[in-house]
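Engineer: The following file, target02.tsv, comprises TSV, N, CA and C atoms:
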```tsv
chain	number	residue	atom	x	y	z
A	231	MET	N	0.83	-1.18	0.00
A	231	MET	CA	0.00	0.00	0.00
A	231	MET	C	0.88	1.25	0.00
A	232	ALA	N	0.44	2.27	-0.70
A	232	ALA	CA	1.20	3.52	-0.82
A	232	ALA	C	1.15	4.31	0.48
A	233	GLU	N	2.24	5.00	0.76
A	233	GLU	CA	2.31	5.90	1.91
A	233	GLU	C	2.13	7.32	1.39
A	234	VAL	N	1.22	8.07	2.00
A	234	VAL	CA	0.99	9.44	1.61
A	234	VAL	C	0.89	10.28	2.87
A	235	ASP	N	1.63	11.37	2.89
A	235	ASP	CA	1.64	12.28	4.04
A	235	ASP	C	0.46	13.23	3.93
A	236	TYR	N	-0.44	13.18	4.90
A	236	TYR	CA	-1.62	14.05	4.92
A	236	TYR	C	-1.23	15.53	4.86
A	237	ASP	N	-0.08	15.88	5.40
A	237	ASP	CA	0.36	17.27	5.45
A	237	ASP	C	1.15	17.71	4.22
A	238	ALA	N	1.34	16.84	3.24
A	238	ALA	CA	2.08	17.21	2.04
A	238	ALA	C	1.38	18.38	1.34
A	239	PRO	N	2.13	19.42	0.95
A	239	PRO	CA	1.49	20.56	0.29
A	239	PRO	C	0.81	20.19	-1.03
A	240	ASP	N	1.29	19.15	-1.69
A	240	ASP	CA	0.72	18.70	-2.96
A	240	ASP	C	-0.06	17.40	-2.78
A	241	LEU	N	-0.83	17.33	-1.71
A	241	LEU	CA	-1.55	16.10	-1.38
A	241	LEU	C	-2.45	15.63	-2.53
A	242	ALA	N	-3.19	16.53	-3.16
A	242	ALA	CA	-4.08	16.12	-4.25
A	242	ALA	C	-3.29	15.49	-5.40
A	243	ALA	N	-2.18	16.09	-5.76
A	243	ALA	CA	-1.36	15.54	-6.86
A	243	ALA	C	-0.85	14.15	-6.49
A	244	ARG	N	-0.49	13.95	-5.25
A	244	ARG	CA	-0.01	12.63	-4.81
A	244	ARG	C	-1.14	11.60	-4.84
A	245	ILE	N	-2.31	12.01	-4.40
A	245	ILE	CA	-3.47	11.13	-4.38
A	245	ILE	C	-3.82	10.66	-5.79
A	246	GLU	N	-3.72	11.58	-6.74
A	246	GLU	CA	-4.10	11.26	-8.11
A	246	GLU	C	-3.17	10.26	-8.78
A	247	GLN	N	-2.06	9.94	-8.15
A	247	GLN	CA	-1.13	8.93	-8.68
A	247	GLN	C	-1.42	7.53	-8.14
A	248	LEU	N	-2.38	7.42	-7.22
A	248	LEU	CA	-2.65	6.15	-6.55
A	248	LEU	C	-3.76	5.36	-7.24
A	249	SER	N	-3.75	4.07	-7.01
A	249	SER	CA	-4.83	3.21	-7.49
A	249	SER	C	-6.04	3.38	-6.55
A	250	GLN	N	-7.18	2.91	-7.01
A	250	GLN	CA	-8.37	2.97	-6.15
A	250	GLN	C	-8.15	2.14	-4.88
A	251	TYR	N	-7.47	1.01	-5.01
A	251	TYR	CA	-7.18	0.18	-3.84
A	251	TYR	C	-6.39	0.99	-2.81
A	252	ASP	N	-5.35	1.68	-3.27
A	252	ASP	CA	-4.54	2.48	-2.34
A	252	ASP	C	-5.35	3.61	-1.73
A	253	LEU	N	-6.18	4.27	-2.52
A	253	LEU	CA	-7.04	5.34	-2.00
A	253	LEU	C	-7.97	4.81	-0.92
A	254	ASP	N	-8.50	3.61	-1.13
A	254	ASP	CA	-9.43	3.01	-0.18
A	254	ASP	C	-8.77	2.59	1.12
A	255	HIS	N	-7.44	2.48	1.12
A	255	HIS	CA	-6.74	1.97	2.30
A	255	HIS	C	-5.79	2.97	2.95
A	256	LEU	N	-5.93	4.24	2.61
A	256	LEU	CA	-5.14	5.27	3.30
A	256	LEU	C	-5.64	5.40	4.74
A	257	PRO	N	-4.83	5.93	5.64
A	257	PRO	CA	-5.26	6.08	7.04
A	257	PRO	C	-6.23	7.24	7.26
A	258	PHE	N	-6.54	7.99	6.22
A	258	PHE	CA	-7.50	9.11	6.32
A	258	PHE	C	-8.51	8.97	5.18
A	259	GLY	N	-9.66	9.60	5.36
A	259	GLY	CA	-10.72	9.53	4.37
A	259	GLY	C	-10.44	10.38	3.15
A	260	VAL	N	-10.92	9.93	2.00
A	260	VAL	CA	-10.75	10.64	0.74
A	260	VAL	C	-12.10	10.69	0.02
A	261	ILE	N	-12.48	11.89	-0.40
A	261	ILE	CA	-13.73	12.10	-1.13
A	261	ILE	C	-13.41	12.97	-2.33
A	262	LEU	N	-13.98	12.64	-3.48
A	262	LEU	CA	-13.85	13.47	-4.67
A	262	LEU	C	-15.22	14.05	-5.00
A	263	LEU	N	-15.27	15.38	-5.11
A	263	LEU	CA	-16.50	16.07	-5.50
A	263	LEU	C	-16.33	16.68	-6.88
A	264	ASP	N	-17.37	16.63	-7.68
A	264	ASP	CA	-17.31	17.35	-8.95
A	264	ASP	C	-17.58	18.84	-8.68
A	265	GLY	N	-17.61	19.65	-9.71
A	265	GLY	CA	-17.78	21.09	-9.54
A	265	GLY	C	-19.11	21.50	-8.95
A	266	ASP	N	-20.09	20.59	-8.93
A	266	ASP	CA	-21.40	20.87	-8.35
A	266	ASP	C	-21.55	20.31	-6.94
A	267	GLY	N	-20.47	19.75	-6.40
A	267	GLY	CA	-20.53	19.19	-5.05
A	267	GLY	C	-21.04	17.77	-4.97
A	268	VAL	N	-21.19	17.11	-6.13
A	268	VAL	CA	-21.67	15.73	-6.16
A	268	VAL	C	-20.50	14.78	-5.91
A	269	ILE	N	-20.73	13.80	-5.06
A	269	ILE	CA	-19.69	12.85	-4.67
A	269	ILE	C	-19.44	11.87	-5.82
A	270	ARG	N	-18.18	11.84	-6.28
A	270	ARG	CA	-17.78	10.95	-7.38
A	270	ARG	C	-16.90	9.80	-6.89
A	271	PHE	N	-16.23	9.99	-5.74
A	271	PHE	CA	-15.44	8.93	-5.12
A	271	PHE	C	-15.55	9.09	-3.62
A	272	TYR	N	-15.70	7.97	-2.92
A	272	TYR	CA	-15.85	7.97	-1.46
A	272	TYR	C	-15.07	6.76	-0.96
A	273	SER	N	-13.94	6.99	-0.31
A	273	SER	CA	-13.06	5.88	0.04
A	273	SER	C	-13.64	4.98	1.13
A	274	GLU	N	-13.16	3.75	1.11
A	274	GLU	CA	-13.55	2.78	2.14
A	274	GLU	C	-13.18	3.30	3.53
A	275	THR	N	-12.02	3.93	3.64
A	275	THR	CA	-11.59	4.48	4.94
A	275	THR	C	-12.58	5.53	5.41
A	276	GLU	N	-13.01	6.43	4.51
A	276	GLU	CA	-13.97	7.45	4.89
A	276	GLU	C	-15.28	6.83	5.33
A	277	SER	N	-15.73	5.84	4.62
A	277	SER	CA	-16.96	5.16	4.97
A	277	SER	C	-16.86	4.54	6.36
A	278	ARG	N	-15.79	3.86	6.61
A	278	ARG	CA	-15.58	3.18	7.90
A	278	ARG	C	-15.41	4.18	9.04
A	279	GLN	N	-14.56	5.19	8.84
A	279	GLN	CA	-14.26	6.12	9.94
A	279	GLN	C	-15.40	7.10	10.22
A	280	SER	N	-16.13	7.50	9.19
A	280	SER	CA	-17.19	8.49	9.39
A	280	SER	C	-18.44	7.88	10.00
A	281	GLY	N	-18.65	6.60	9.73
A	281	GLY	CA	-19.87	5.98	10.20
A	281	GLY	C	-21.06	6.28	9.31
A	282	TYR	N	-20.82	6.95	8.17
A	282	TYR	CA	-21.91	7.24	7.25
A	282	TYR	C	-22.35	5.92	6.61
A	283	PRO	N	-23.63	5.64	6.61
A	283	PRO	CA	-24.11	4.36	6.08
A	283	PRO	C	-24.03	4.29	4.56
A	284	GLY	N	-23.34	3.30	4.05
A	284	GLY	CA	-23.26	3.10	2.61
A	284	GLY	C	-22.29	4.05	1.92
A	285	LYS	N	-22.33	4.03	0.62
A	285	LYS	CA	-21.49	4.92	-0.19
A	285	LYS	C	-22.40	5.93	-0.87
A	286	PRO	N	-22.25	7.19	-0.55
A	286	PRO	CA	-23.15	8.21	-1.08
A	286	PRO	C	-22.79	8.73	-2.47
A	287	LEU	N	-22.31	7.87	-3.34
A	287	LEU	CA	-21.94	8.30	-4.69
A	287	LEU	C	-23.17	8.88	-5.39
A	288	GLY	N	-22.96	10.00	-6.09
A	288	GLY	CA	-24.04	10.64	-6.82
A	288	GLY	C	-24.86	11.62	-6.00
A	289	LEU	N	-24.59	11.70	-4.69
A	289	LEU	CA	-25.32	12.64	-3.83
A	289	LEU	C	-24.52	13.92	-3.64
A	290	ASN	N	-25.22	15.01	-3.34
A	290	ASN	CA	-24.56	16.27	-3.08
A	290	ASN	C	-23.96	16.24	-1.68
A	291	PHE	N	-22.65	16.38	-1.60
A	291	PHE	CA	-21.94	16.32	-0.33
A	291	PHE	C	-22.47	17.34	0.67
A	292	TYR	N	-22.69	18.55	0.21
A	292	TYR	CA	-23.09	19.63	1.12
A	292	TYR	C	-24.48	19.41	1.69
A	293	ALA	N	-25.33	18.72	0.96
A	293	ALA	CA	-26.69	18.45	1.43
A	293	ALA	C	-26.72	17.36	2.50
A	294	ILE	N	-25.79	16.41	2.45
A	294	ILE	CA	-25.83	15.29	3.39
A	294	ILE	C	-24.81	15.39	4.51
A	295	SER	N	-23.88	16.32	4.43
A	295	SER	CA	-22.82	16.38	5.43
A	295	SER	C	-23.28	17.09	6.69
A	296	ARG	N	-22.51	16.92	7.73
A	296	ARG	CA	-22.80	17.60	8.99
A	296	ARG	C	-22.64	19.11	8.89
A	297	CYS	N	-21.96	19.57	7.86
A	297	CYS	CA	-21.77	21.01	7.71
A	297	CYS	C	-22.98	21.69	7.10
A	298	ALA	N	-23.95	20.91	6.62
A	298	ALA	CA	-25.12	21.48	5.94
A	298	ALA	C	-25.83	22.48	6.86
A	299	GLY	N	-25.90	23.72	6.41
A	299	GLY	CA	-26.62	24.74	7.15
A	299	GLY	C	-25.91	25.31	8.36
A	300	LYS	N	-24.73	24.81	8.70
A	300	LYS	CA	-24.05	25.25	9.91
A	300	LYS	C	-22.94	26.27	9.64
A	301	THR	N	-22.35	26.21	8.50
A	301	THR	CA	-21.27	27.13	8.17
A	301	THR	C	-21.35	27.50	6.71
A	302	ASP	N	-20.43	28.31	6.27
A	302	ASP	CA	-20.35	28.66	4.86
A	302	ASP	C	-19.29	27.79	4.17
A	303	PHE	N	-19.19	26.56	4.58
A	303	PHE	CA	-18.20	25.63	4.03
A	303	PHE	C	-18.36	25.52	2.52
A	304	GLU	N	-19.59	25.28	2.05
A	304	GLU	CA	-19.83	25.16	0.61
A	304	GLU	C	-19.46	26.45	-0.10
A	305	GLY	N	-19.82	27.59	0.47
A	305	GLY	CA	-19.50	28.87	-0.15
A	305	GLY	C	-18.01	29.10	-0.27
A	306	GLN	N	-17.26	28.72	0.76
A	306	GLN	CA	-15.81	28.89	0.71
A	306	GLN	C	-15.20	28.03	-0.39
A	307	VAL	N	-15.65	26.80	-0.51
A	307	VAL	CA	-15.12	25.91	-1.55
A	307	VAL	C	-15.53	26.44	-2.93
A	308	THR	N	-16.77	26.86	-3.07
A	308	THR	CA	-17.25	27.37	-4.36
A	308	THR	C	-16.47	28.61	-4.79
A	309	ARG	N	-16.26	29.53	-3.86
A	309	ARG	CA	-15.49	30.74	-4.18
A	309	ARG	C	-14.05	30.39	-4.58
A	310	ALA	N	-13.47	29.44	-3.88
A	310	ALA	CA	-12.10	29.02	-4.22
A	310	ALA	C	-12.07	28.37	-5.60
A	311	LEU	N	-13.07	27.55	-5.93
A	311	LEU	CA	-13.14	26.93	-7.26
A	311	LEU	C	-13.22	28.01	-8.35
A	312	GLU	N	-13.94	29.08	-8.08
A	312	GLU	CA	-14.08	30.15	-9.06
A	312	GLU	C	-12.76	30.86	-9.33
A	313	THR	N	-11.85	30.84	-8.37
A	313	THR	CA	-10.55	31.46	-8.57
A	313	THR	C	-9.62	30.56	-9.37
A	314	GLY	N	-9.99	29.29	-9.50
A	314	GLY	CA	-9.19	28.36	-10.30
A	314	GLY	C	-8.33	27.41	-9.49
A	315	LYS	N	-8.13	27.67	-8.21
A	315	LYS	CA	-7.31	26.77	-7.40
A	315	LYS	C	-7.87	26.73	-5.97
A	316	VAL	N	-8.06	25.53	-5.49
A	316	VAL	CA	-8.57	25.33	-4.14
A	316	VAL	C	-7.48	24.73	-3.28
A	317	ASP	N	-7.23	25.34	-2.14
A	317	ASP	CA	-6.31	24.80	-1.14
A	317	ASP	C	-6.74	25.36	0.20
A	318	LEU	N	-7.68	24.64	0.84
A	318	LEU	CA	-8.28	25.09	2.09
A	318	LEU	C	-8.07	24.04	3.17
A	319	GLU	N	-8.11	24.49	4.41
A	319	GLU	CA	-8.05	23.56	5.54
A	319	GLU	C	-9.00	24.06	6.62
A	320	PHE	N	-9.74	23.11	7.21
A	320	PHE	CA	-10.70	23.42	8.25
A	320	PHE	C	-10.53	22.45	9.42
A	321	ALA	N	-10.87	22.91	10.60
A	321	ALA	CA	-11.05	22.01	11.74
A	321	ALA	C	-12.56	21.88	11.88
A	322	TRP	N	-13.02	20.66	12.12
A	322	TRP	CA	-14.46	20.45	12.18
A	322	TRP	C	-14.82	19.62	13.40
A	323	PRO	N	-15.69	20.14	14.28
A	323	PRO	CA	-16.13	19.35	15.44
A	323	PRO	C	-17.29	18.43	15.06
A	324	GLY	N	-17.25	17.22	15.55
A	324	GLY	CA	-18.35	16.29	15.34
A	324	GLY	C	-18.19	15.47	14.08
A	325	ASP	N	-18.80	14.28	14.09
A	325	ASP	CA	-18.73	13.36	12.97
A	325	ASP	C	-20.00	12.52	13.01
A	326	PHE	N	-20.29	11.79	11.93
A	326	PHE	CA	-21.51	10.99	11.89
A	326	PHE	C	-21.55	9.97	13.02
A	327	SER	N	-20.46	9.26	13.24
A	327	SER	CA	-20.49	8.18	14.23
A	327	SER	C	-20.15	8.65	15.64
A	328	ASP	N	-19.57	9.83	15.80
A	328	ASP	CA	-19.16	10.31	17.12
A	328	ASP	C	-19.16	11.83	17.14
A	329	ALA	N	-20.17	12.40	17.77
A	329	ALA	CA	-20.32	13.86	17.81
A	329	ALA	C	-19.21	14.53	18.61
A	330	THR	N	-18.48	13.78	19.43
A	330	THR	CA	-17.41	14.37	20.24
A	330	THR	C	-16.06	14.35	19.53
A	331	ARG	N	-15.96	13.64	18.44
A	331	ARG	CA	-14.70	13.53	17.72
A	331	ARG	C	-14.53	14.73	16.79
A	332	SER	N	-13.31	15.20	16.67
A	332	SER	CA	-13.06	16.30	15.75
A	332	SER	C	-12.31	15.79	14.53
A	333	LEU	N	-12.43	16.54	13.44
A	333	LEU	CA	-11.71	16.16	12.25
A	333	LEU	C	-11.02	17.36	11.65
A	334	ARG	N	-10.02	17.05	10.90
A	334	ARG	CA	-9.27	18.04	10.14
A	334	ARG	C	-9.60	17.76	8.67
A	335	VAL	N	-10.02	18.79	7.97
A	335	VAL	CA	-10.45	18.65	6.58
A	335	VAL	C	-9.56	19.50	5.69
A	336	ARG	N	-8.99	18.86	4.69
A	336	ARG	CA	-8.24	19.58	3.65
A	336	ARG	C	-9.00	19.45	2.35
A	337	VAL	N	-9.04	20.53	1.60
A	337	VAL	CA	-9.73	20.55	0.31
A	337	VAL	C	-8.76	21.11	-0.72
A	338	GLN	N	-8.50	20.35	-1.77
A	338	GLN	CA	-7.59	20.80	-2.83
A	338	GLN	C	-8.20	20.50	-4.19
A	339	SER	N	-7.82	21.31	-5.16
A	339	SER	CA	-8.30	21.15	-6.53
A	339	SER	C	-7.95	19.77	-7.07
A	340	ALA	N	-8.90	19.20	-7.81
A	340	ALA	CA	-8.66	17.96	-8.53
A	340	ALA	C	-8.20	18.32	-9.95
A	341	ARG	N	-7.29	17.57	-10.46
A	341	ARG	CA	-6.72	17.85	-11.79
A	341	ARG	C	-7.78	17.92	-12.88
A	342	LYS	N	-8.80	17.08	-12.80
A	342	LYS	CA	-9.83	17.03	-13.85
A	342	LYS	C	-11.08	17.83	-13.47
A	343	GLY	N	-10.97	18.72	-12.50
A	343	GLY	CA	-12.10	19.53	-12.07
A	343	GLY	C	-12.67	19.04	-10.76
A	344	GLY	N	-13.35	19.93	-10.08
A	344	GLY	CA	-13.88	19.59	-8.77
A	344	GLY	C	-12.79	19.66	-7.71
A	345	VAL	N	-13.05	19.00	-6.59
A	345	VAL	CA	-12.09	19.04	-5.47
A	345	VAL	C	-11.97	17.68	-4.80
A	346	TRP	N	-10.79	17.46	-4.26
A	346	TRP	CA	-10.54	16.35	-3.35
A	346	TRP	C	-10.75	16.86	-1.94
A	347	MET	N	-11.38	16.05	-1.10
A	347	MET	CA	-11.51	16.35	0.32
A	347	MET	C	-10.82	15.22	1.07
A	348	PHE	N	-10.04	15.62	2.06
A	348	PHE	CA	-9.30	14.66	2.88
A	348	PHE	C	-9.70	14.86	4.32
A	349	MET	N	-10.12	13.78	4.98
A	349	MET	CA	-10.64	13.82	6.35
A	349	MET	C	-9.72	13.05	7.29
A	350	GLN	N	-9.11	13.77	8.21
A	350	GLN	CA	-8.25	13.14	9.21
A	350	GLN	C	-8.92	13.29	10.57
A	351	ARG	N	-9.16	12.18	11.22
A	351	ARG	CA	-9.86	12.19	12.51
A	351	ARG	C	-8.88	11.98	13.66
A	352	ASP	N	-9.25	12.59	14.81
A	352	ASP	CA	-8.39	12.42	15.99
A	352	ASP	C	-8.59	11.06	16.61
```
What would the structure in this file look like if it were written as structure tokens?
Structural biologist:
Amino acid sequence: MAEVDYDAPDLAARIEQLSQYDLDHLPFGVILLDGDGVIRFYSETESRQSGYPGKPLGLNFYAISRCAGKTDFEGQVTRALETGKVDLEFAWPGDFSDATRSLRVRVQSARKGGVWMFMQRD
């Protein structure tokens, strides 16, 4: 399995070199959203660690996530996409399976459009 540093400045570029198997087995969650916020890839690790039931492929991430209606998370990502390059980081309290757990979220531009989201849990 490939080793990828969550803190690498070029994390998205490194992720895009991996196989689906490697993406599914990283120690942090990986989600790919298209430009409309629709989930196109949802890693096995994210599914397991988040506690979200099933694989939400084809659903709008912002509509189903815990951030829905609580922050301007979607707006920040959308504005960054409009500038042509996304490189954001957030701390987020709460998760689907454990409301007391916090996560660190990185969002970076995907080479073919949209964004990669990386979820690291404490």
Engineer: Check the smallest atom-to-atom distance from each of A:Ala242, A:Ser280, A:Gly288, A:Leu256 to Lys315 (chain A) using only C-alpha atoms, then report the winner.
Structural biologist: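 Closest to Lys315 (chain A) of all the choices is A:Ala242.
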Engineer: Using only N, CA and C atoms, determine which residues lie at most 6.5 Å from region 346-351 of chain A, disregarding the query and same-chain residues fewer than 6 positions distant; provide the list as JSON, numbers by chain.
Structural biologist: {"A": [258, 259, 260, 261, 262, 263, 332, 333, 334, 335, 336, 337, 338, 339, 340]}
Engineer: Write out, as a JSON list (two decimals), in the frame of the given file, the residues just selected, with N, CA and C atoms.
Structural biologist:
```
[["chain", "number", "residue", "atom", "x", "y", "z"],
["A", 258, "PHE", "N", -6.54, 7.99, 6.22],
["A", 258, "PHE", "CA", -7.50, 9.11, 6.32],
["A", 258, "PHE", "C", -8.51, 8.97, 5.18],
["A", 259, "GLY", "N", -9.66, 9.60, 5.36],
["A", 259, "GLY", "CA", -10.72, 9.53, 4.37],
["A", 259, "GLY", "C", -10.44, 10.38, 3.15],
["A", 260, "VAL", "N", -10.92, 9.93, 2.00],
["A", 260, "VAL", "CA", -10.75, 10.64, 0.74],
["A", 260, "VAL", "C", -12.10, 10.69, 0.02],
["A", 261, "ILE", "N", -12.48, 11.89, -0.40],
["A", 261, "ILE", "CA", -13.73, 12.10, -1.13],
["A", 261, "ILE", "C", -13.41, 12.97, -2.33],
["A", 262, "LEU", "N", -13.98, 12.64, -3.48],
["A", 262, "LEU", "CA", -13.85, 13.47, -4.67],
["A", 262, "LEU", "C", -15.22, 14.05, -5.00],
["A", 263, "LEU", "N", -15.27, 15.38, -5.11],
["A", 263, "LEU", "CA", -16.50, 16.07, -5.50],
["A", 263, "LEU", "C", -16.33, 16.68, -6.88],
["A", 332, "SER", "N", -13.31, 15.20, 16.67],
["A", 332, "SER", "CA", -13.06, 16.30, 15.75],
["A", 332, "SER", "C", -12.31, 15.79, 14.53],
["A", 333, "LEU", "N", -12.43, 16.54, 13.44],
["A", 333, "LEU", "CA", -11.71, 16.16, 12.25],
["A", 333, "LEU", "C", -11.02, 17.36, 11.65],
["A", 334, "ARG", "N", -10.02, 17.05, 10.90],
["A", 334, "ARG", "CA", -9.27, 18.04, 10.14],
["A", 334, "ARG", "C", -9.60, 17.76, 8.67],
["A", 335, "VAL", "N", -10.02, 18.79, 7.97],
["A", 335, "VAL", "CA", -10.45, 18.65, 6.58],
["A", 335, "VAL", "C", -9.56, 19.50, 5.69],
["A", 336, "ARG", "N", -8.99, 18.86, 4.69],
["A", 336, "ARG", "CA", -8.24, 19.58, 3.65],
["A", 336, "ARG", "C", -9.00, 19.45, 2.35],
["A", 337, "VAL", "N", -9.04, 20.53, 1.60],
["A", 337, "VAL", "CA", -9.73, 20.55, 0.31],
["A", 337, "VAL", "C", -8.76, 21.11, -0.72],
["A", 338, "GLN", "N", -8.50, 20.35, -1.77],
["A", 338, "GLN", "CA", -7.59, 20.80, -2.83],
["A", 338, "GLN", "C", -8.20, 20.50, -4.19],
["A", 339, "SER", "N", -7.82, 21.31, -5.16],
["A", 339, "SER", "CA", -8.30, 21.15, -6.53],
["A", 339, "SER", "C", -7.95, 19.77, -7.07],
["A", 340, "ALA", "N", -8.90, 19.20, -7.81],
["A", 340, "ALA", "CA", -8.66, 17.96, -8.53],
["A", 340, "ALA", "C", -8.20, 18.32, -9.95]]
```
Engineer: Please measure the separation of CA of Gly344 (chain A) and CA of Asp317 (chain A), giving the value in Å to one decimal.
Structural biologist: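 Distance between the two atoms: 11.9 Å.
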Engineer: Please list as a list of chain:residue names every residue within 7 Å of Pro286 (chain A), counting only N, CA and C atoms and excluding residues in the same chain fewer than 5 positions away.
Structural biologist: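 That gives A:Ile269, A:Arg270, A:Tyr272.
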Engineer: May I have the selected residues written with N, CA and C atoms, as an mmCIF file, in the frame of the given file?
Structural biologist:
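Generated output (out_38.cif):
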```cif
data_model
loop_
_atom_site.group_PDB
_atom_site.id
_atom_site.type_symbol
_atom_site.label_atom_id
_atom_site.label_comp_id
_atom_site.auth_asym_id
_atom_site.auth_seq_id
_atom_site.Cartn_x
_atom_site.Cartn_y
_atom_site.Cartn_z
ATOM 1 N N ILE A 269 -20.730 13.800 -5.060
ATOM 2 C CA ILE A 269 -19.690 12.850 -4.670
ATOM 3 C C ILE A 269 -19.440 11.870 -5.820
ATOM 4 N N ARG A 270 -18.180 11.840 -6.280
ATOM 5 C CA ARG A 270 -17.780 10.950 -7.380
ATOM 6 C C ARG A 270 -16.900 9.800 -6.890
ATOM 7 N N TYR A 272 -15.700 7.970 -2.920
ATOM 8 C CA TYR A 272 -15.850 7.970 -1.460
ATOM 9 C C TYR A 272 -15.070 6.760 -0.960
#
```
Engineer: Report the distance between CA of Leu253 (chain A) and CA of Glu274 (chain A) in Å, rounded to one decimal place.
Structural biologist: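 Computing it gives 8.1 Å between the two atoms.
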Engineer: Do you have the CA of Phe291 (chain A)-atom C of Val268 (chain A) distance handy?
Structural biologist: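 Result for CA of Phe291 (chain A) versus atom C of Val268 (chain A): 6.0 Å, one decimal.
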Engineer: Restricting the calculation to all atoms listed in the file: of A:Val307, A:Glu312, A:Pro283, A:Glu276, which residue gets closest to Pro257 (chain A)?
Structural biologist: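 Using all atoms listed in the file, the shortest distance to Pro257 (chain A) belongs to A:Glu276.
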Engineer: Per DSSP on the backbone, filter region 252-344 of chain A down to the residues in helix (DSSP H, G or I) and report them as a list in words.
Structural biologist: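 Matching residues, listed in order: Asp252, Leu253, Asp254, Glu274, Thr275, Glu276, Ser277, Arg278, Gln279, Ser280, Phe291, Tyr292, Ala293, Ile294, Phe303, Glu304, Gly305, Gln306, Val307, Thr308, Arg309, Ala310, Leu311, Glu312 and Thr313 of chain A.
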Engineer: Please return as a PyMOL selection string: the residues of chain A that backbone DSSP assigns to strand (DSSP E or B).
Structural biologist: chain A and resi 259-263+268-272+290+317-323+332-339+345-351
Engineer: Go ahead and dump the residues you just picked, N, CA and C atoms, as a CSV table (one decimal), in the coordinates of the input.
Structural biologist:
```csv
chain,number,residue,atom,x,y,z
A,259,GLY,N,-9.7,9.6,5.4
A,259,GLY,CA,-10.7,9.5,4.4
A,259,GLY,C,-10.4,10.4,3.2
A,260,VAL,N,-10.9,9.9,2.0
A,260,VAL,CA,-10.8,10.6,0.7
A,260,VAL,C,-12.1,10.7,0.0
A,261,ILE,N,-12.5,11.9,-0.4
A,261,ILE,CA,-13.7,12.1,-1.1
A,261,ILE,C,-13.4,13.0,-2.3
A,262,LEU,N,-14.0,12.6,-3.5
A,262,LEU,CA,-13.8,13.5,-4.7
A,262,LEU,C,-15.2,14.0,-5.0
A,263,LEU,N,-15.3,15.4,-5.1
A,263,LEU,CA,-16.5,16.1,-5.5
A,263,LEU,C,-16.3,16.7,-6.9
A,268,VAL,N,-21.2,17.1,-6.1
A,268,VAL,CA,-21.7,15.7,-6.2
A,268,VAL,C,-20.5,14.8,-5.9
A,269,ILE,N,-20.7,13.8,-5.1
A,269,ILE,CA,-19.7,12.8,-4.7
A,269,ILE,C,-19.4,11.9,-5.8
A,270,ARG,N,-18.2,11.8,-6.3
A,270,ARG,CA,-17.8,11.0,-7.4
A,270,ARG,C,-16.9,9.8,-6.9
A,271,PHE,N,-16.2,10.0,-5.7
A,271,PHE,CA,-15.4,8.9,-5.1
A,271,PHE,C,-15.6,9.1,-3.6
A,272,TYR,N,-15.7,8.0,-2.9
A,272,TYR,CA,-15.8,8.0,-1.5
A,272,TYR,C,-15.1,6.8,-1.0
A,290,ASN,N,-25.2,15.0,-3.3
A,290,ASN,CA,-24.6,16.3,-3.1
A,290,ASN,C,-24.0,16.2,-1.7
A,317,ASP,N,-7.2,25.3,-2.1
A,317,ASP,CA,-6.3,24.8,-1.1
A,317,ASP,C,-6.7,25.4,0.2
A,318,LEU,N,-7.7,24.6,0.8
A,318,LEU,CA,-8.3,25.1,2.1
A,318,LEU,C,-8.1,24.0,3.2
A,319,GLU,N,-8.1,24.5,4.4
A,319,GLU,CA,-8.0,23.6,5.5
A,319,GLU,C,-9.0,24.1,6.6
A,320,PHE,N,-9.7,23.1,7.2
A,320,PHE,CA,-10.7,23.4,8.2
A,320,PHE,C,-10.5,22.4,9.4
A,321,ALA,N,-10.9,22.9,10.6
A,321,ALA,CA,-11.0,22.0,11.7
A,321,ALA,C,-12.6,21.9,11.9
A,322,TRP,N,-13.0,20.7,12.1
A,322,TRP,CA,-14.5,20.4,12.2
A,322,TRP,C,-14.8,19.6,13.4
A,323,PRO,N,-15.7,20.1,14.3
A,323,PRO,CA,-16.1,19.4,15.4
A,323,PRO,C,-17.3,18.4,15.1
A,332,SER,N,-13.3,15.2,16.7
A,332,SER,CA,-13.1,16.3,15.8
A,332,SER,C,-12.3,15.8,14.5
A,333,LEU,N,-12.4,16.5,13.4
A,333,LEU,CA,-11.7,16.2,12.2
A,333,LEU,C,-11.0,17.4,11.6
A,334,ARG,N,-10.0,17.0,10.9
A,334,ARG,CA,-9.3,18.0,10.1
A,334,ARG,C,-9.6,17.8,8.7
A,335,VAL,N,-10.0,18.8,8.0
A,335,VAL,CA,-10.4,18.6,6.6
A,335,VAL,C,-9.6,19.5,5.7
A,336,ARG,N,-9.0,18.9,4.7
A,336,ARG,CA,-8.2,19.6,3.6
A,336,ARG,C,-9.0,19.4,2.4
A,337,VAL,N,-9.0,20.5,1.6
A,337,VAL,CA,-9.7,20.6,0.3
A,337,VAL,C,-8.8,21.1,-0.7
A,338,GLN,N,-8.5,20.4,-1.8
A,338,GLN,CA,-7.6,20.8,-2.8
A,338,GLN,C,-8.2,20.5,-4.2
A,339,SER,N,-7.8,21.3,-5.2
A,339,SER,CA,-8.3,21.2,-6.5
A,339,SER,C,-8.0,19.8,-7.1
A,345,VAL,N,-13.0,19.0,-6.6
A,345,VAL,CA,-12.1,19.0,-5.5
A,345,VAL,C,-12.0,17.7,-4.8
A,346,TRP,N,-10.8,17.5,-4.3
A,346,TRP,CA,-10.5,16.4,-3.4
A,346,TRP,C,-10.8,16.9,-1.9
A,347,MET,N,-11.4,16.0,-1.1
A,347,MET,CA,-11.5,16.4,0.3
A,347,MET,C,-10.8,15.2,1.1
A,348,PHE,N,-10.0,15.6,2.1
A,348,PHE,CA,-9.3,14.7,2.9
A,348,PHE,C,-9.7,14.9,4.3
A,349,MET,N,-10.1,13.8,5.0
A,349,MET,CA,-10.6,13.8,6.4
A,349,MET,C,-9.7,13.0,7.3
A,350,GLN,N,-9.1,13.8,8.2
A,350,GLN,CA,-8.2,13.1,9.2
A,350,GLN,C,-8.9,13.3,10.6
A,351,ARG,N,-9.2,12.2,11.2
A,351,ARG,CA,-9.9,12.2,12.5
A,351,ARG,C,-8.9,12.0,13.7
```
Engineer: Could you tell me, as a ChimeraX atom specification, which residues have any atom at most 7 Å from (-11.2, 3.3, -2.6), counting all atoms listed in the file?
Structural biologist: /A:249-255,272-275
